[in-house]
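Since the structure comes first, as structure tokens, the remarks are kept for the end.
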Amino acid sequence: MRIVMKFGGTSVADAERIRHVAALVVSASAEHNVVPVVSAMDQVTEMLLDLADAAASGNSMQAEALLKAVRDKHLAAAYALGAQQAVTALLERLEGLVRGVLALEELTPRARDAIVAFGERLSCAMLAHVLGARAMDGREAGIVTDDHFGEADPLMDLSMYQVGQSLGPLLDAGERVVVTGFVAANQHGVTSTLGRGGSDYTATILGAALRADEIWIYSDVDGLMTADPRSVPDARLLARLSFAEAVEMGKFGAKSMHPRALEPAAAHGVPVRMRSTFKPEHPGTLISDKRAEGGAGAEGGRVSIVRCVPMLKNLAMVNIGGAAMIGRPGSASEVFAALAGQRVNVHMICQSVSEAGISLVVGGGQLDRAKGALEKTLRGVGSPRTIEVVPNVCVVAAVGSGMRGTRGVAARIFTSLARAGVNVIAIAQGSSEMSISIVVEASAGPLAVRAIHDEFSLGS
Amino acid sequence: MQVTLVGFGVVGRALAGQLRDQHALLERLTGGAVVLAGVCDTRGCAVAPRGLDIDALLAHKATGQSVGSFSSSTGGEGAIARGFDAGFGPAQFVAAQGRLAGDAGPRVVVESGPSDLKHPAPAVENLLAAMRSGLHAVSVNKAPLAVAMAALLEAAAHNRVQLRYSGTVGAGTPVLALARQAALGDRVLGVRAIINGTTNFILHRMATQDEAFDAALAEAVRLGYAEADPSNDIDGVDTAMKLVILANHLHDLRDGGHRPSYADARVQGIRGLSLALIREARARGKTIKLLGSIDVDGGLKVEPTEVDAGGPMDTPRNVNAVCLSLERCGEVTLVGRGAGGPETATAIVRDLVDVARVHRGG
């Protein structure tokens, strides 16, 4: 089989773990044709972003300190691995860039990408050294993006072709490579980064382009769970999940993949396996189009409608009310334009058919900004409206493709919540019918998750 | 309009001649003078922002030399020439054409190299280099489109330039445009196409002269319908490349899925086809043609197939036919002459006029 193996930051956090990852690659290579993709060492991307900002603001002391921290961290690992030569050369180039930014006190998104990309370049160089493989960045691998530095979108068809051209022949010839995650380039070869989805996105693009049999995403967890085990002690690992379910989950959980990163794999039908670096023998969670035996949502012989119960914490709710909104076109547009203007990300929206109010869920940290923006805009137009906030809420969701077309799912969810004494503040269901989101008070979140989890017998 | 020509073989030289002969007409159709601003062959390139002296250039090429040694004294105003080396080849030449001084009209690169399916990457790179540099692209080379059509179309959209390729299928008859026009507003269920003149000549001759394959092939070579090495034609490769391009051109009018590429096509040619099969088909009122077909699921196939003798698909000699099965309008068959050097050059001119028209409009 041809396998793309992607290792996250914690998997390459130090020399010992890089050796461990190398051993995983070597052992997989005995059976498979392997393409390893690697993230920056844990914390390094953040350090590089801080470094770039410090340099841009002309804070040379802080920049020097951060540069030293980056250098020390990598040299420590590099000496242990015997990879100091490759790492030193990269560090010198990084230093040159930082000095340039310091001198100019200016940082374009393009320059920031050039600096941040060194995180992956450095980890890639070390893993490649241990493996005796060729280190390649995303540009050399053929991933082409647009010019939106910092959050670049791949030109997908072009990338598919170029990756096939650049990596295909190397792999066919049996050459070993390691590819940087997250890093790509625009069509003129200028370094860009993929933003959301990061290295996972690199892995799925390569997997799709190289017609891989599977894409293995390694992290520090065993796979995807039916719920957060901190809230639900008997939460179970999900052996299988459909792409649609994984995309739905990805909107909730940090432990899942970003929906954007799942796209290339789903479009080209390449299964994704989420697994743990620390338990390499464990098969993890397989995300694919193939339905588990026994029909939709089968899990270890059981068929379940709801597959998992993720929870999104640290949220706040904003209720906008007023009779003036009823039947008046443009009310909703004013609300969302005001929020977008302040770059507030809206997680969930509810409006009843009476049109007397709109309820929104936003990140807790964005509540003040959201409230301010709404007050300024809506009070200004003269029509009497109320803006009420409910801080400290969370969203609990029931996710499963088996919910589509199944009657009585909502009834079971709300009965279970009532039985547990959980007060439901707001509800939303998209027309995909693959998830129902419920807003509850923050303190009731874990209780709500357990109630739904138990109702659908998701535990072990 | 500045035209840069990559490849200076039969088609490229025919185009240069046509640009010279139709100068006034082209100026009227495109809204400005059309000049040959650059040309390259495999060994070198010649450039003149205000236009190369086409007569001198053709005379120079006729002596067997590369355009890279074209004399600057006779080449036209500001003409320069150079040979290619490891660091400067066709793709670098094309990219440099994007930085050429000149009028504000559209700039177009024409890829007219041979359709080499074994090594399509250099031609893909020429087209990408053109579009990256903000130049419109015209390709009569089928190979880059057959292997990377989706990528090339994406590059065109991303760079807001046009990619045209009407000369790749049918050439003398604008099969792609006509097929698309016929299918607009309808839904394409399937396509069957005779789009290779050489094999059709051979099969027609076998059927009408009762000649064996080898004899018919020899006659095709003698008359110039087939090349000295006819493999690309008789093994179905040329038909398959054209079929992939046709399928992509109709992609949004079919129930598509992915844009297909050459790797998705099942290809069987007519090499060594037995005369007995054709005789036997004839006895049943049928004849055998090399058909490229797109089925309702988007599957691409090239293989010798029986069609009704005397029906619309029973075309003589090198005449092409494309039969569209449409959901509402039923079967629509387009019949017309295929390609040769002059026909293909004319197709390029057609594309150049279209580029100018859309460029002005947008």
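By convention here, the chains of the structure tokens are called A, B, ... in the order presented, each chain's residues are numbered starting at 1, and ligands are numbered starting at 1 in the order presented.
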
*May I have all residues of range 178-313 of chain B that DSSP, computed from the backbone, assigns to strand (DSSP E or B), given as a list of chain:residue names?*
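DSSP on the backbone gives strand (DSSP E or B) at B:Val188, B:Leu189, B:Gly190, B:Val191, B:Arg192, B:Ala193, B:Ile194, B:Ala265, B:Arg266, B:Val267, B:Lys286, B:Thr287, B:Ile288, B:Lys289, B:Leu290, B:Leu291, B:Gly292, B:Ser293, B:Ile294, B:Leu300, B:Lys301, B:Val302, B:Glu303, B:Pro304, B:Thr305, B:Glu306, B:Val307, B:Asp308.
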
*Please, which residues of chain B lie no more than 8 Å from chain A when the count uses only C-alpha atoms, and can they be set out as a ChimeraX atom specification?*
/B:132,148,150-152,154-155,158

*When DSSP works through the backbone of this structure, what residues of range 389-436 of chain A end up as alpha helix (DSSP H), shown as a PyMOL selection string?*
chain A and resi 409-419

_Of the listed residues B:Leu300, B:Ala309, B:Ala177, B:Leu250, that which approaches Asp264 in chain B most closely, counting only C-alpha atoms_ =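 The answer is B:Leu300, which sits nearest to Asp264 in chain B.
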
*Quick one: residues within 6 Å of range 9-16 of chain B, only C-alpha atoms counted, chain neighbours fewer than 4 positions away excluded, as a PyMOL selection string?*
chain B and resi 341-342+345

What does the file look like for those residues with N, CA, C and O atoms, as a PDB file, in the first residue's frame?
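selection-v3.pdb was written with the following content:
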ATOM      1  N   GLY B 341      -1.483  20.436 -41.535  1.00  0.00           N
ATOM      2  CA  GLY B 341      -0.809  21.657 -41.107  1.00  0.00           C
ATOM      3  C   GLY B 341      -1.627  22.928 -41.303  1.00  0.00           C
ATOM      4  O   GLY B 341      -1.834  23.682 -40.354  1.00  0.00           O
ATOM      5  N   PRO B 342      -2.153  23.189 -42.533  1.00  0.00           N
ATOM      6  CA  PRO B 342      -2.898  24.430 -42.768  1.00  0.00           C
ATOM      7  C   PRO B 342      -4.176  24.513 -41.942  1.00  0.00           C
ATOM      8  O   PRO B 342      -4.522  25.578 -41.421  1.00  0.00           O
ATOM      9  N   ALA B 345      -3.256  25.399 -38.381  1.00  0.00           N
ATOM     10  CA  ALA B 345      -2.869  26.805 -38.294  1.00  0.00           C
ATOM     11  C   ALA B 345      -4.105  27.696 -38.324  1.00  0.00           C
ATOM     12  O   ALA B 345      -4.195  28.690 -37.589  1.00  0.00           O
TER      13      ALA B 345
END

*Find the spatial neighbours of range 208-224 of chain A, counting only C-alpha atoms, within a cut-off of 8 Å - ignore same-chain residues fewer than 2 positions away - and output them as a VMD selection string.*
chain A and resid 1 to 8 10 to 11 159 to 161 163 to 164 167 to 168 200 203 to 206 226 237 to 238 255 to 256 264 to 265 268 to 279 282 284 to 285

*Please provide the set of residues having any atom within 7 Å of Ala227 in chain A, restricted to only C-alpha atoms, with same-chain residues fewer than 2 positions apart removed, written as a PyMOL selection string.*
chain A and resi 225+229+232+235+308-310

*Extract, using only C-alpha atoms, all DNA, RNA and protein residues at most 6 Å from Val109 in chain B, discarding same-chain residues fewer than 5 positions from it, and format them as a list in words.*
Val3, Thr4, Leu5 and Ala137 of chain B

Kindly save the residues from that selection, with C-alpha atoms included, as a PDB file, in the first residue's frame.
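Ended up saving to selection32.pdb:
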ATOM      1  CA  VAL B   3       1.945  36.229 -30.556  1.00  0.00           C
ATOM      2  CA  THR B   4       4.721  34.026 -29.238  1.00  0.00           C
ATOM      3  CA  LEU B   5       5.113  30.696 -30.935  1.00  0.00           C
ATOM      4  CA  ALA B 137      -2.353  30.456 -24.011  1.00  0.00           C
TER       5      ALA B 137
END

As a PDB file with N, CA, C and O atoms, in the first residue's frame, please: the residues near Ala114 in chain A (cut-off 9 Å, only C-alpha atoms, same-chain neighbours under 5 positions excluded).
ATOM      1  N   LEU A  94      17.202  31.477   8.790  1.00  0.00           N
ATOM      2  CA  LEU A  94      16.141  32.077   9.603  1.00  0.00           C
ATOM      3  C   LEU A  94      16.634  33.375  10.241  1.00  0.00           C
ATOM      4  O   LEU A  94      15.950  34.404  10.216  1.00  0.00           O
ATOM      5  N   LEU A  97      16.686  36.255   7.880  1.00  0.00           N
ATOM      6  CA  LEU A  97      15.351  36.814   7.644  1.00  0.00           C
ATOM      7  C   LEU A  97      14.923  37.710   8.796  1.00  0.00           C
ATOM      8  O   LEU A  97      14.408  38.812   8.612  1.00  0.00           O
ATOM      9  N   PRO A 109       2.553  39.741   5.337  1.00  0.00           N
ATOM     10  CA  PRO A 109       2.123  38.347   5.505  1.00  0.00           C
ATOM     11  C   PRO A 109       3.066  37.382   4.792  1.00  0.00           C
ATOM     12  O   PRO A 109       3.320  36.275   5.265  1.00  0.00           O
ATOM     13  N   VAL A 190       7.046  31.386  -4.253  1.00  0.00           N
ATOM     14  CA  VAL A 190       7.210  32.122  -2.998  1.00  0.00           C
ATOM     15  C   VAL A 190       6.512  31.359  -1.877  1.00  0.00           C
ATOM     16  O   VAL A 190       5.351  30.962  -2.021  1.00  0.00           O
ATOM     17  N   THR A 191       7.218  31.164  -0.765  1.00  0.00           N
ATOM     18  CA  THR A 191       6.689  30.349   0.333  1.00  0.00           C
ATOM     19  C   THR A 191       5.370  30.898   0.872  1.00  0.00           C
ATOM     20  O   THR A 191       5.239  32.090   1.150  1.00  0.00           O
ATOM     21  N   SER A 192       4.401  30.009   1.050  1.00  0.00           N
ATOM     22  CA  SER A 192       3.125  30.366   1.673  1.00  0.00           C
ATOM     23  C   SER A 192       2.820  29.289   2.705  1.00  0.00           C
ATOM     24  O   SER A 192       3.471  28.246   2.737  1.00  0.00           O
ATOM     25  N   THR A 193       1.834  29.554   3.576  1.00  0.00           N
ATOM     26  CA  THR A 193       1.434  28.518   4.534  1.00  0.00           C
ATOM     27  C   THR A 193      -0.075  28.304   4.442  1.00  0.00           C
ATOM     28  O   THR A 193      -0.813  29.187   4.027  1.00  0.00           O
TER      29      THR A 193
END

*Find the distance between CA of Pro90 in chain B and CA of Leu352 in chain B and write it in Å to one decimal.*
20.5 Å

*Atomic separation - CA of Val94 in chain B relative to CA of Val349 in chain B, Å*: 19.3 Å

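Of note, CA of Pro174 in chain B and CA of Gly336 in chain B are spaced 8.6 Å apart.
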
*Counting only C-alpha atoms, the option among A:Arg134, A:Arg19, A:Arg404, A:His148 closest to Arg112 in chain A*: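 Looking at the shortest contact to Arg112 in chain A, the residue is A:His148.
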